[in-house]
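These notes are about the structure you will find just below.
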There are 4 protein chains.
Amino acid sequence: MFFASDNAGPAHPAIMDALVRANDGYAMGYGADPIMAEVRQQIRDVFEAPEAAVYLVINGTSANSLLLATMCQPWQTIFCTDVAHIHEDECNAPEFYTQAKLTLVPSEAGKMTADALRAKIKAEETRGVHGPQRGPVSVTQVTEKGTVYSLDEIKALTDVARDHDLPTHLDGARFANALVALDCTPAEMTWKSGIDAVSFGGTKNGAMGVEACVIFDPKLAAEFEFRRKRGGHLLSKHRYLSAQMQAYLADELWLDLARKANARTAQLAQGLRTHNGAQMLFDPAANIIFFDMPRREHQRMLAAGAVYYVMSGDPDHGEPDEMLTARLVTDWSMTESSVNQFLSLLHG
Amino acid sequence: MFFASDNAGPAHPAIMDALVRANDGYAMGYGADPIMAEVRQQIRDVFEAPEAAVYLVINGTSANSLLLATMCQPWQTIFCTDVAHIHEDECNAPEFYTQAKLTLVPSEAGKMTADALRAKIKAEETRGVHGPQRGPVSVTQVTEKGTVYSLDEIKALTDVARDHDLPTHLDGARFANALVALDCTPAEMTWKSGIDAVSFGGTKNGAMGVEACVIFDPKLAAEFEFRRKRGGHLLSKHRYLSAQMQAYLADELWLDLARKANARTAQLAQGLRTHNGAQMLFDPAANIIFFDMPRREHQRMLAAGAVYYVMSGDPDHGEPDEMLTARLVTDWSMTESSVNQFLSLLHG
Amino acid sequence: MFFASDNAGPAHPAIMDALVRANDGYAMGYGADPIMAEVRQQIRDVFEAPEAAVYLVINGTSANSLLLATMCQPWQTIFCTDVAHIHEDECNAPEFYTQAKLTLVPSEAGKMTADALRAKIKAEETRGVHGPQRGPVSVTQVTEKGTVYSLDEIKALTDVARDHDLPTHLDGARFANALVALDCTPAEMTWKSGIDAVSFGGTKNGAMGVEACVIFDPKLAAEFEFRRKRGGHLLSKHRYLSAQMQAYLADELWLDLARKANARTAQLAQGLRTHNGAQMLFDPAANIIFFDMPRREHQRMLAAGAVYYVMSGDPDHGEPDEMLTARLVTDWSMTESSVNQFLSLLHG
Amino acid sequence: MFFASDNAGPAHPAIMDALVRANDGYAMGYGADPIMAEVRQQIRDVFEAPEAAVYLVINGTSANSLLLATMCQPWQTIFCTDVAHIHEDECNAPEFYTQAKLTLVPSEAGKMTADALRAKIKAEETRGVHGPQRGPVSVTQVTEKGTVYSLDEIKALTDVARDHDLPTHLDGARFANALVALDCTPAEMTWKSGIDAVSFGGTKNGAMGVEACVIFDPKLAAEFEFRRKRGGHLLSKHRYLSAQMQAYLADELWLDLARKANARTAQLAQGLRTHNGAQMLFDPAANIIFFDMPRREHQRMLAAGAVYYVMSGDPDHGEPDEMLTARLVTDWSMTESSVNQFLSLLHG
């Protein structure tokens with residue numbers, strides 16, 4: 001009953017096997033390993049983007065920061081929601097790498113609307129050299145609230161960006177979970193919807209630690225490479241990143257894993273809907289649920305061994321009836337029965 | 001016959017096994033995994049430093065940059081040799097993280113002397129607020145030329161630093177190779193010789209990719225943690241770093257691997273000494289050899305399948321008799337027979 | 001009828017005279033001029049702060065950025081209002097110098113309340129190393145909306161900061177205008193109200209271009225000096241900064257000039273109150289007025305030669321009856337009669 | 001007898017008069033003042049560069065740092081001599097603004113040769129993404145040793161840069177002194193010799209504090225403007241920078257002042273040549289002299305009221321016969337008789 005995070009579960013055995021297989025003999029370092037050549041092609045195929053620049057890094061913070069820095073100037077501001085991971089959870093890494101600032105667009109259910117984005121872009125319009133200049137728009141898919149932008153919603157945001165000649169970034173730490181939720185292609189969810197660069201996550205979906213940075217305009221490739229090295233994010237024994245991504249993409253493993261994670265969340269959501277003390281805050285489209293429940297109930301669940309984050313207050317101290325917001329996250333490794341165990345406990 | 005780099009060989013099977021073992025069930029992320037608690041204690045024991053702050057990162061560039069940034073102010077200059085890895089091979093990462101600059105101390109055989117260091121420190125003395133201010137001294141052990149500082153030499157350098165109240169950093173990408181060469185303890189090679197912080201390498205000595213940052217003054221710990229996160233170098237699935245380091249240190253595996261690597265270099269050196277066309281530039285104390293040999297001979301070796309870097313010119317084009325400098329690096333995975341094969345070829 | 005900005009008027013003749021007087025013979029550079037020694041004492045006397053570190057720079061952007069950088073770490077966030085000059089009008093200079101980010105506290109009439117500040121500080125509480133860490137609180141006095149914090153209001157804000165061990169900065173680009181509005185002492189408006197460092201403006205109040213940075217804790221002095229030099233803000237011919245500030249402070253010139261500027265705004269406010277088409281947005285306490293008026297009326301005024309900024313829309317195009325917000329700023333150099341001319345025109 | 005620095009003397013009265021004249025009525029800020037429009041044209045005329053982007057800043061450190069940042073990427077290295085002002089005297093400001101590093105080219109008499117430059121550029125050639133990438137070449141004219149590059153020498157350096165597609169910067173803190181020494185045109189000393197951007201100094205040659213940044217490729221203009229604002233180097237009351245530069249250029253005042261300064265140095269050099277205890281280190285081509293003289297003699301001169309820097313040791317303590325290097329700098333304000341007084345004393 002571990003629902004604290006999708007970075008707490010194990011890597012998928014196929015990925016561990018690939019690591020072990022890759023651990024044979026000598027291989028050129030720093031991305032010149034032969035597996036990386038295959039991975040580059042795999043990702044270009046997956047994205048139907050034969051020219052795309054493709055790089056691997058160890059985590060989402062570096063993927064986001066390096067991509068944004070490549071698309072941004074230090075005197076600009078990056079538009080993202082007020083709950084964006086790049087704002088809330090990366091300890092100023094985006095600011096460190098870009099030297100720019102973030103402009104927070106108000107969000108509902110983790111999403112910004114095209115109108116809200118346009119209003120914030122507009123607000124930076126009239127101060128000449130004095131204000132920060134308008135920079136990239138960064139969209140998170142799956143959002144931090146567990147919701148998923150429709151293709152039309154993404155397109156509406158990138159249209160606003162395009163109207164102002166601003167590049168667009170997709171923080172896809174949970175790319176696969178969104179993709180299977182939308183049942184669309186990677187190309188449709190990205191460049192066909194106007195996205196210029198993607199943090200394509202593997203870590204939260206069964207890898208040990210690997211994310212791909214996909215840039216559809218290959219003219220930015222050289223700058224990205226220098227920034228990656230300068231940030232200390234180019235691995236010498238790069239084959240171990242390549243091997244993870246290769247296995248992740250092979251035989252649609254990545255989609256299978258995301259479907260499993262989403263199915264567990266759907267199962268949880270189904271159970272929560274029938275519990276009269278719990279109220280889900282947003283419609284859970286992927287593998288995250290936010291829900292309110294009385295402190296007393298949280299105490300009971302946590303005491304019984306359920307592990308998850310209560311976000312809005314101390315579960316241990318306070319009025320027993322106070323509603324507290326909590327988050328549940330599922331990953332590929334959870335079983336139907338462990339979810340049932342949680343739900344039985346909840347309803348018990 | 002692959003002597004190009006010690007980051008090209010495979011990870012040791014015990015380390016891969018540890019990764020697979022660690023891949024079980026749920027574990028808290030970001031360094032809160034239980035294996036890390038053990039690793040912290042292992043390293044404190046190894047260094048006889050019960051208070052030391054200990055962190056794991058993925059590679060040497062990030063270890064060096066984060067440690068130096070923690071010990072340095074942006075208006076300072078870091079003293080290192082003119083061949084230091086932090087100067088030559090990290091694409092401005094140390095400058096990016098520290099915002100400071102580097103002052104290059106002339107080196108011989110990869111080493112700076114206490115006198116040369118003192119002269120450079122002295123030279124920054126008299127310009128008040130106008131010049132860069134004096135910052136940390138960074139010493140590389142094993143040096144980039146394959147030589148090893150004696151304990152007295154390290155002590156002499158840290159004494160100079162101490163005279164000027166400057167902190168000291170040891171770039172120990174090949175820490176183990178130096179340690180077995182000197183046959184001393186980790187404490188003797190570091191804090192007992194006046195070193196304040198260490199990049200303790202695992203990657204070049206049989207790990208997949210892990211380095212420990214060891215800071216003997218725990219008051220710097222919080223700053224390091226913020227810098228690591230902000231640089232994108234805090235791993236969510238941290239257990240896979242921990243597991244590597246745990247296995248690396250267990251049963252003195254790290255020392256065994258270094259002894260093996262050094263033995264292969266000794267074997268190579270022995271063979272080179274008896275080859276009348278080749279001249280070693282420095283006495284190889286650890287696992288790196290630099291040697292001069294006529295282009296014609298390099299061509300012959302490379303054509304026969306030996307893999308190594310010729311540093312001072314194009315091996316393929318030019319006068320056949322011109323002496324060209326090349327580098328040989330050995331790691332734990334090389335066999336006595338592959339070295340013999342190389343030497344037979346050389347003498348053949 | 002020039003009400004566009006208080007940086008558009010001339011410097012006071014006494015300040016120009018001081019410049020000419022200072023232009024005699026040789027003087028040590030970089031702040032070692034004898035006039036600076038006097039200025040340092042003047043400012044310590046004015047602030048009743050015999051230990052304060054005192055520096056001069058050319059403008060408010062550098063004063064704010066250098067002070068905040070001295071009080072802040074790159075992994076922190078600075079708390080300021082959503083209309084703060086450091087957020088809106090300095091093209092990321094605070095981010096450049098501090099490497100940190102800004103957290104925007106909602107404001108009313110240009111002010112943040114202690115409750116609003118506490119809520120934003122609270123919101124950064126629970127994310128460990130992942131979120132930005134809490135840094136300085138920056139308060140603008142006179143606010144960007146022309147309002148003035150009472151001493152109690154400042155104290156309430158610094159109390160919140162103190163509760164969280166956060167340092168406090170006062171952006172006093174219009175320090176003198178606030179001081180005469182409150183009729184208090186500089187000490188009361190700063191350190192006696194809990195402020196740790198002040199950007200003490202001269203430029204908008206009759207100087208050619210000089211601001212003092214006043215830091216009440218002299219332990220921060222050395223860091224400020226290095227940051228100033230490194231930012232290119234230490235003037236070689238420093239005596240010309242010193243001379244301005246000396247004359248500005250002599251014989252309470254600075255207070256006289258602020259009283260004049262405020263009086264002109266009071267006169268304008270009086271006139272606006274009796275104009276039934278115009279509505280002031282905030283009670284103008286110092287030398288700035290924001291007011292709404294129909295586009296038609298703005299067009300008439302601007303066509304007749306009045307110069308001021310219409311902020312909320314294009315005065316030339318749109319519905320004649322639409323209310324548009326405009327800003328009037330007065331400085332010491334404006335005459336009663338020029339204000340009367342403006343008001344006659346308005347009522348005409 | 002004040003020969004310590006050319007930033008210690010007074011501003012020329014014509015420049016102070018211009019300041020006072022400019023101090024009349026209202027003027028748009030931030031470079032939109034009408035005087036700046038004239039200055040832009042003056043400088044374009046002076047440089048025969050009708051398209052050049054022209055900006056004013058307060059000092060040489062900001063001029064150099066902002067120009068280099070505009071021409072450079074953070075992963076590059078800037079080539080300059082080992083005695084360059086940007087290396088020795090700006091407290092890491094170039095590194096702060098560019099985020100890049102400096103590669104020091106060995107110098108003789110303050111100059112680098114084309115061969116020395118080419119060797120250093122070559123040395124950065126072969127490390128791929130690992131080494132710093134090659135960036136701008138920065139040439140100082142007058143050099144820090146008081147020597148002057150011939151046009152052929154400048155051309156030879158910029159040819160090397162051009163061969164490697166590197167942009168070139170001229171640190172012209174003493175531009176006028178060099179120009180009158182070479183008796184050539186500004187165009188000849190800059191773009192006709194292959195220079196891309198110039199820090200055109202006024203401060204050391206009779207201004208109060210103003211330098212022009214001249215960029216021959218106007219496509220870089222917007223970036224420079226953002227960088228200037230973000231560095232806090234855009235003045236609100238910009239007219240006072242404009243007025244200085246306007247007067248500086250009017251009626252060839254700048255050339256007259258430089259001729260005067262150089263003449264005083266020539267007079268000093270003449271006197272030093274006939275003093276058998278003093279030895280000039282370099283042929284003084286402009287307004288700076290370096291010379292060796294026994295400590296005893298320095299003591300005598302300093303005691304008698306001469307003011308200058310002894311660079312290589314403490315003049316007060318040590319062997320009386322030890323030769324110590326000192327520097328003499330002259331500016332426009334020095335009189336023939338004050339130099340004669342110094343020389344009489346010397347020979348006395």
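If you're wondering about the labels, chains in the structure tokens are A, B, ... by order shown, residues count from 1 in each chain, ligands from 1 in order shown.
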Margin query: Quick one: residues within 12 Å of Arg300 in chain C, only C-alpha atoms, excluding same-chain residues fewer than 3 positions away - as a PyMOL selection string?
Written below: chain C and resi 293-297+303-307+315-316+320+342+345-348
Please, could you write that set of residues out with C-alpha atoms as a PDB file, in the first residue's frame?
ATOM      1  CA  MET C 293     -10.355  59.244 -16.338  1.00  0.00           C
ATOM      2  CA  PRO C 294     -12.204  58.788 -19.607  1.00  0.00           C
ATOM      3  CA  ARG C 295     -10.075  58.370 -22.686  1.00  0.00           C
ATOM      4  CA  ARG C 296     -11.581  61.508 -24.155  1.00  0.00           C
ATOM      5  CA  GLU C 297     -10.274  63.566 -21.276  1.00  0.00           C
ATOM      6  CA  ALA C 303      -3.061  67.128 -26.896  1.00  0.00           C
ATOM      7  CA  ALA C 304      -2.738  70.290 -24.845  1.00  0.00           C
ATOM      8  CA  GLY C 305       0.800  69.395 -23.868  1.00  0.00           C
ATOM      9  CA  ALA C 306       0.472  67.525 -20.586  1.00  0.00           C
ATOM     10  CA  VAL C 307       2.972  64.678 -20.415  1.00  0.00           C
ATOM     11  CA  PRO C 315      -5.132  56.813 -25.085  1.00  0.00           C
ATOM     12  CA  ASP C 316      -5.375  57.488 -28.813  1.00  0.00           C
ATOM     13  CA  PRO C 320     -14.001  57.903 -25.792  1.00  0.00           C
ATOM     14  CA  PHE C 342      -2.452  71.434 -15.543  1.00  0.00           C
ATOM     15  CA  LEU C 345      -6.645  72.684 -18.271  1.00  0.00           C
ATOM     16  CA  LEU C 346      -8.244  69.681 -16.597  1.00  0.00           C
ATOM     17  CA  HIS C 347     -11.166  71.640 -15.266  1.00  0.00           C
ATOM     18  CA  GLY C 348     -11.305  73.820 -18.331  1.00  0.00           C
TER      19      GLY C 348
END
Margin query: Show me, as JSON, numbers by chain, the residues that have an atom within 7 Å of Asp292 in chain C when counting only C-alpha atoms, minus same-chain residues fewer than 3 positions from it.
Written below: {"C": [278, 279, 280, 323, 324, 325, 326]}
Taking 5 positions as the minimum chain separation for residues in the same chain, which residues sit within 8 Å of range 259-270 of chain C when counting only C-alpha atoms? Answer as a tab-separated table (two decimals) with N, CA, C and O atoms, in the first residue's frame.
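Once everything was written out, this is part-v5.tsv:
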chain	number	residue	atom	x	y	z
C	177	ASN	N	10.61	60.90	0.13
C	177	ASN	CA	9.19	61.23	-0.02
C	177	ASN	C	8.35	60.52	1.03
C	177	ASN	O	7.37	61.08	1.53
C	180	VAL	N	9.12	62.22	4.73
C	180	VAL	CA	8.42	63.47	5.05
C	180	VAL	C	6.91	63.24	5.12
C	180	VAL	O	6.21	63.93	5.86
C	181	ALA	N	6.43	62.24	4.40
C	181	ALA	CA	5.00	61.92	4.52
C	181	ALA	C	4.68	61.38	5.91
C	181	ALA	O	3.64	61.71	6.49
C	280	MET	N	-9.24	59.09	-8.28
C	280	MET	CA	-7.94	58.59	-7.82
C	280	MET	C	-8.09	57.17	-7.29
C	280	MET	O	-9.06	56.85	-6.60
C	284	PRO	N	-3.02	59.41	-2.41
C	284	PRO	CA	-1.60	59.69	-2.72
C	284	PRO	C	-0.89	60.30	-1.51
C	284	PRO	O	-1.14	61.43	-1.14
C	285	ALA	N	0.02	59.55	-0.94
C	285	ALA	CA	0.68	60.00	0.28
C	285	ALA	C	2.00	60.69	0.01
C	285	ALA	O	2.52	61.39	0.87
C	286	ALA	N	2.54	60.52	-1.18
C	286	ALA	CA	3.88	61.05	-1.43
C	286	ALA	C	3.87	61.85	-2.74
C	286	ALA	O	3.25	62.90	-2.81
C	287	ASN	N	4.51	61.35	-3.79
C	287	ASN	CA	4.65	62.14	-5.01
C	287	ASN	C	4.14	61.42	-6.26
C	287	ASN	O	4.59	61.70	-7.36
C	288	ILE	N	3.25	60.46	-6.07
C	288	ILE	CA	2.70	59.71	-7.20
C	288	ILE	C	1.19	59.61	-7.06
C	288	ILE	O	0.68	59.34	-5.97
C	289	ILE	N	0.51	59.80	-8.17
C	289	ILE	CA	-0.95	59.65	-8.20
C	289	ILE	C	-1.32	58.68	-9.32
C	289	ILE	O	-0.79	58.79	-10.43
C	329	VAL	N	3.49	61.81	-11.70
C	329	VAL	CA	4.59	61.84	-10.74
C	329	VAL	C	5.13	63.26	-10.69
C	329	VAL	O	5.31	63.90	-11.73
C	330	THR	N	5.41	63.70	-9.48
C	330	THR	CA	5.97	65.06	-9.35
C	330	THR	C	7.36	64.97	-8.74
C	330	THR	O	7.69	64.03	-8.02
C	331	ASP	N	8.17	65.97	-9.08
C	331	ASP	CA	9.48	66.04	-8.43
C	331	ASP	C	9.70	67.45	-7.88
C	331	ASP	O	8.84	68.31	-7.99
C	332	TRP	N	10.86	67.64	-7.27
C	332	TRP	CA	11.15	68.91	-6.60
C	332	TRP	C	11.10	70.10	-7.54
C	332	TRP	O	10.89	71.24	-7.11
C	333	SER	N	11.32	69.85	-8.84
C	333	SER	CA	11.53	70.98	-9.75
C	333	SER	C	10.24	71.57	-10.28
C	333	SER	O	10.27	72.57	-11.00
C	334	MET	N	9.12	70.96	-9.96
C	334	MET	CA	7.86	71.46	-10.50
C	334	MET	C	7.36	72.65	-9.71
C	334	MET	O	7.48	72.69	-8.49
C	335	THR	N	6.75	73.56	-10.41
C	335	THR	CA	6.27	74.77	-9.75
C	335	THR	C	4.78	74.66	-9.48
C	335	THR	O	4.06	73.94	-10.16
C	336	GLU	N	4.38	75.39	-8.49
C	336	GLU	CA	2.95	75.50	-8.18
C	336	GLU	C	2.19	75.93	-9.41
C	336	GLU	O	1.09	75.44	-9.69
C	339	VAL	N	1.57	73.20	-12.00
C	339	VAL	CA	0.49	72.32	-11.55
C	339	VAL	C	-0.86	73.01	-11.73
C	339	VAL	O	-1.84	72.40	-12.20
C	343	LEU	N	-4.12	71.81	-13.83
C	343	LEU	CA	-5.45	71.67	-13.23
C	343	LEU	C	-6.47	72.56	-13.93
C	343	LEU	O	-7.63	72.16	-14.14
Item checked: Using only C-alpha atoms: which of B:Arg327, B:Arg227, B:Lys122, B:Arg174 has the shortest distance to chain C ->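 Counting only C-alpha atoms, the residue closest to chain C is B:Arg227.
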What are the closest atom pairs, with distances in Å to one decimal, for each residue of range 61-145 of chain C lying within 10 Å of range 228-251 of chain C, using only C-alpha atoms, rows by chain and rising residue number, as a Markdown table?
| residue | atom | partner | partner_atom | distance |
| --- | --- | --- | --- | --- |
| C:Ser62 | CA | C:His233 | CA | 7.4 |
| C:Ala63 | CA | C:Arg228 | CA | 9.1 |
| C:Ser65 | CA | C:Arg228 | CA | 9.7 |
| C:Leu66 | CA | C:Arg228 | CA | 6.5 |
| C:Leu67 | CA | C:Arg228 | CA | 9.3 |
| C:Thr70 | CA | C:Arg228 | CA | 9.8 |
| C:Phe96 | CA | C:Gly231 | CA | 10.0 |
| C:Tyr97 | CA | C:Gly231 | CA | 8.0 |
Next item on the list: With a distance cut-off of 12 Å and only C-alpha atoms, select the neighbouring residues of Gln141 in chain D, excluding the residue or stretch itself and same-chain residues fewer than 6 positions from it, and output the selection as an MDAnalysis selection string.
Entry: chainID D and resid 80:81 84:85 110:112 147:151 153:154 169:182 186 189:190 195 198:201 285:287
Next item on the list: Identify every residue of chain A that has at least one atom within 10 Å of any atom of chain C, counting only C-alpha atoms, and report the result as a ChimeraX atom specification.
Entry: /A:74-77,85-93,95-97,99-102,104,124,126-133,311-313
Item checked: Atomic distance CA of Met208 in chain D - CA of His12 in chain D, expressed in Å with one decimal ->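 Interatomic distance here is 8.1 Å.
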Next item on the list: Assign secondary structure with DSSP using the backbone only, and return the residues of range 39-227 of chain B in strand (DSSP E or B) as a PyMOL selection string.
Entry: chain B and resi 53-57+76-81+101-105+108+111+133-140+168-172+197-201+211-215
Checklist line | For range 159-166 of chain A: contacts at 8 Å, only C-alpha atoms, fewer than 2 positions along chain excluded, given as a PyMOL selection string | finding: chain A and resi 114+117-118+134-137+155-157+168+194
